Structures are given as structure tokens and as C-alpha cells.
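Scroll down for the structure; my scribbles are underneath it.
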Amino acid sequence: MKIGIVGAGTIATEVCKKLCSSGVSIIQVYNRTFSKAKILAESVGAKAINDIVEFSLDLDIILIMVSDDAIKKVASSLNPNRLKKYPSIAHTSGSKSSSKLIAADTDYGVFYPLQTFKNIKASDWDSIPILICGSNKFVENKLINLAKLINCDYHIKTDQQRAALHLSAVVVNNFMNHLFCLNTEFVEKHQSNFDLLVPLIQKTFQNVVESNACDLQTGPAKRGDNLVIDKHINALSEFPQLQKLYKVFSESIKESYNN
């Protein structure tokens with residue numbers, strides 16, 4: 001399979017590394033900053049191009065890995081005069097509709113790796129699900145074959161289903177990371193270290209994998225222990241962000257389990 005790439009940021013770099021290590025041929029790389037396209041292209045044995053319309057018509061898929069706001073513009077730039085029939089295209093966004101690619105006037109779809117790419121390792125790809133959708137079966141099958149080539153599990157999801165999973169991903173990844181950050185500051189203020197909480201975090205996530213999270217809730221809010229809750233809230237007086245979140249989560253847990 002012959003692939004073209006639009007983008008040269010973190011996601012584009014990591015996806016290209018995975019494609020290359022899996023034996024998938026990356027033929028061309030385009031980025032609006034040519035020097036960045038050149039660096040990425042050289043790292044995967046591809047050719048950097050400085051004009052998006054220079055993509056070969058012999059490619060199987062062009063993967064668009066740019067910021068969400070730039071997807072539609074890229075699609076429009078691919079075929080400004082409708083003089084060429086470009087290969088199938090796909091973006092890698094979790095939240096944006098596949099219809100953002102209609103302007104390219106070709107088969108289109110989505111190839112979304114559901115994972116954070118911060119500090120990603122090669123072994124992490126073994127468990128990354130790829131969410132796929134296509135404007136037709138032809139491009140859908142192309143994207144399925146690409147997922148198979150890189151040995152990733154794939155799931156056919158509509159734009160709406162993918163957007164819902166992306167929203168959930170923001171909550172369980174970005175929001176949880178923020179909680180970890182705030183708690184790191186709290187425990188360090190009290191002359192301890194966050195490392196002591198790591199076994200608990202690991203066990204919590206293991207439990208969620210093995211059971212339904214709704215059946216696993218524990219803690220003072222689940223028990224309705226307002227004395228402990230008030231004590232905790234007072235202890236967080238110097239940490240208003242964490243205090244506010246503690247109150248919100250405690251009330252949510254109470255509403256879920258004490259009615």
C-alpha cells in the first residue's frame with residue numbers, strides 16, 4: 001500500500017514511524033512548512049513536496065494529520081480546480097466529521113487511533129484501537145486493510161459514535177491527568193510524593209478493565225459520610241481548584257448512589 005502524508009506534527013510523526021516499521025510504503029509528505037516535511041520524509045524514506053497538489057495520483061490513501069481546524073482547508077486545497085481525481089483521503093481526528101473532506105471530491109474517510117501520543121512507545125501500538133469510517137465500502141476497506149497492515153484492532157464507527165468516544169477520551173485522559181497534576185501539588189505540599197499513590201492508581205484502572213466501573217465505587221461520598229467529606233474540603237482550603245473538584249465529584253457520587 002502506498003501512502004501520502006499531510007502534516008508533520010507529533011501524531012503524523014508517530015503514525016509514520018508505525019507505518020514504516022510495519023512495511024507500509026510512505027511515498028510523499030507535505031506540510032505547509034517545507035523544512036518540517038523534509039525532516040519527516042527523510043526519517044521514513046519518503047519524498048517531501050512543497051505544494052499539496054503534487055501528490056501522486058498512484059497513491060492508495062492520503063492521510064491528513066493536521067489540526068482539526070485545518071482539515072477542511074486541506075481538503076479544499078487538494079483539488080482546487082477539480083482537474084484531478086485524487087486517491088482516497090482520510091483524516092485522523094477524533095471529533096471532526098468525515099464530511100470535512102467532501103471538498104476534495106474523492107473517496108474519503110477517517111482513520112482515528114484512539115490514544116494519546118504523549119510519550120508513546122512502539123509497544124503501545126499493540127493495544128491501540130483504530131476507529132474507521134468511510135464514505136463508501138471501497139475506502140472503508142482500504143482503511144481496514146491499512147489497520148491490518150500495522151497489526152491494530154479496528155472498529156467501524158460512525159462520525160457520531162467516534163465523536164462520543166473522543167469526548168469520553170478527553171474525560172478519562174485529559175481530565176484524569178489534570179486530577180493527577182493537582183494531587184501531585186497537594187501531596188508534595190505535605191512533604192510526601194505522588195509515587196506512593198501509583199499502586200492504587202494501577203489497581204483502580206485494572207479494576208475498571210475487569211469490571212463495570214459503576215459497580216466499583218467506594219469512598220465517603222458513596223457511603224454518605226459527610227463528616228469525612230467536610231474534613232477533606234477544609235483540608236483543601238489552600239488548593240481551591242482541587243477543593244472545587246472534590247465538591248463536584250462528591251455531589252455527583254452522592255446523586256448516583258444515595259438516591
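Just remember, in the C-alpha cells the first chain shown is A, the second B, etc., residues are 1-based per chain, and ligands are 1-based in the order shown.
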Kindly assemble as a tab-separated table a list of the region 30-85 of chain A residues that lie within 12 Å of region 125-143 of chain A, each paired with its nearest atom pair and their distance in Å to one decimal, using only C-alpha atoms, sorted first by chain and then by ascending residue number.
```
residue	atom	partner	partner_atom	distance
A:Leu59	CA	A:Lys142	CA	11.6
A:Asp60	CA	A:Lys142	CA	7.9
A:Ile61	CA	A:Lys142	CA	7.8
A:Ile62	CA	A:Leu143	CA	10.7
A:Leu63	CA	A:Leu143	CA	10.1
```
Based on DSSP run over this structure's backbone, return all residues of region 56-256 of chain A in strand (DSSP E), as a ChimeraX atom specification. /A:61-64,88-91,108-113,130-134,154-156
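Going from CA of Ala48 (chain A) to CA of Tyr30 (chain A) covers 6.0 Å.
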Name the residues of region 7-239 of chain A that come out as alpha helix (DSSP H) in a backbone DSSP run; write them as a ChimeraX atom specification. /A:10-21,34-43,71-78,137-149,159-169,176-189,198-210,220-223,226-235
Which is closer to Gln160 (chain A) than all the others in A:Lys118, A:Tyr86, A:Phe175, A:Lys96, using only C-alpha atoms? A:Lys96
Show which residues sit within 8 Å of region 177-182 of chain A, as a ChimeraX atom specification. Count only C-alpha atoms, and ignore same-chain residues fewer than 3 positions away. /A:173-174,185-186,241-242
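For the residues A:Ile102, A:Val15, A:Ile64, A:Val44, ranking by smallest atom-to-atom distance to Ala122 (chain A) using only C-alpha atoms places A:Val15 first.
Contact shell of Val29 (chain A) at 7 Å (only C-alpha atoms; same-chain neighbours under 3 positions omitted): A:Gly4, A:Ile5, A:Val6, A:Ala37, A:Ala41, A:Ala46, A:Lys47, A:Ala48, A:Ile49.
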So which residues touch Leu114 (chain A) within 12 Å, counting only C-alpha atoms, skipping near sequence neighbours fewer than 2 positions away, as a PyMOL selection string? chain A and resi 11+92-95+110-112+116-117+124-125+127-132+152-155+157+162-170+173
Determine the nearest neighbour of Cys20 (chain A) from the options A:Ile150, A:Ile253, A:Gln243, A:Lys38, counting only C-alpha atoms. A:Ile150
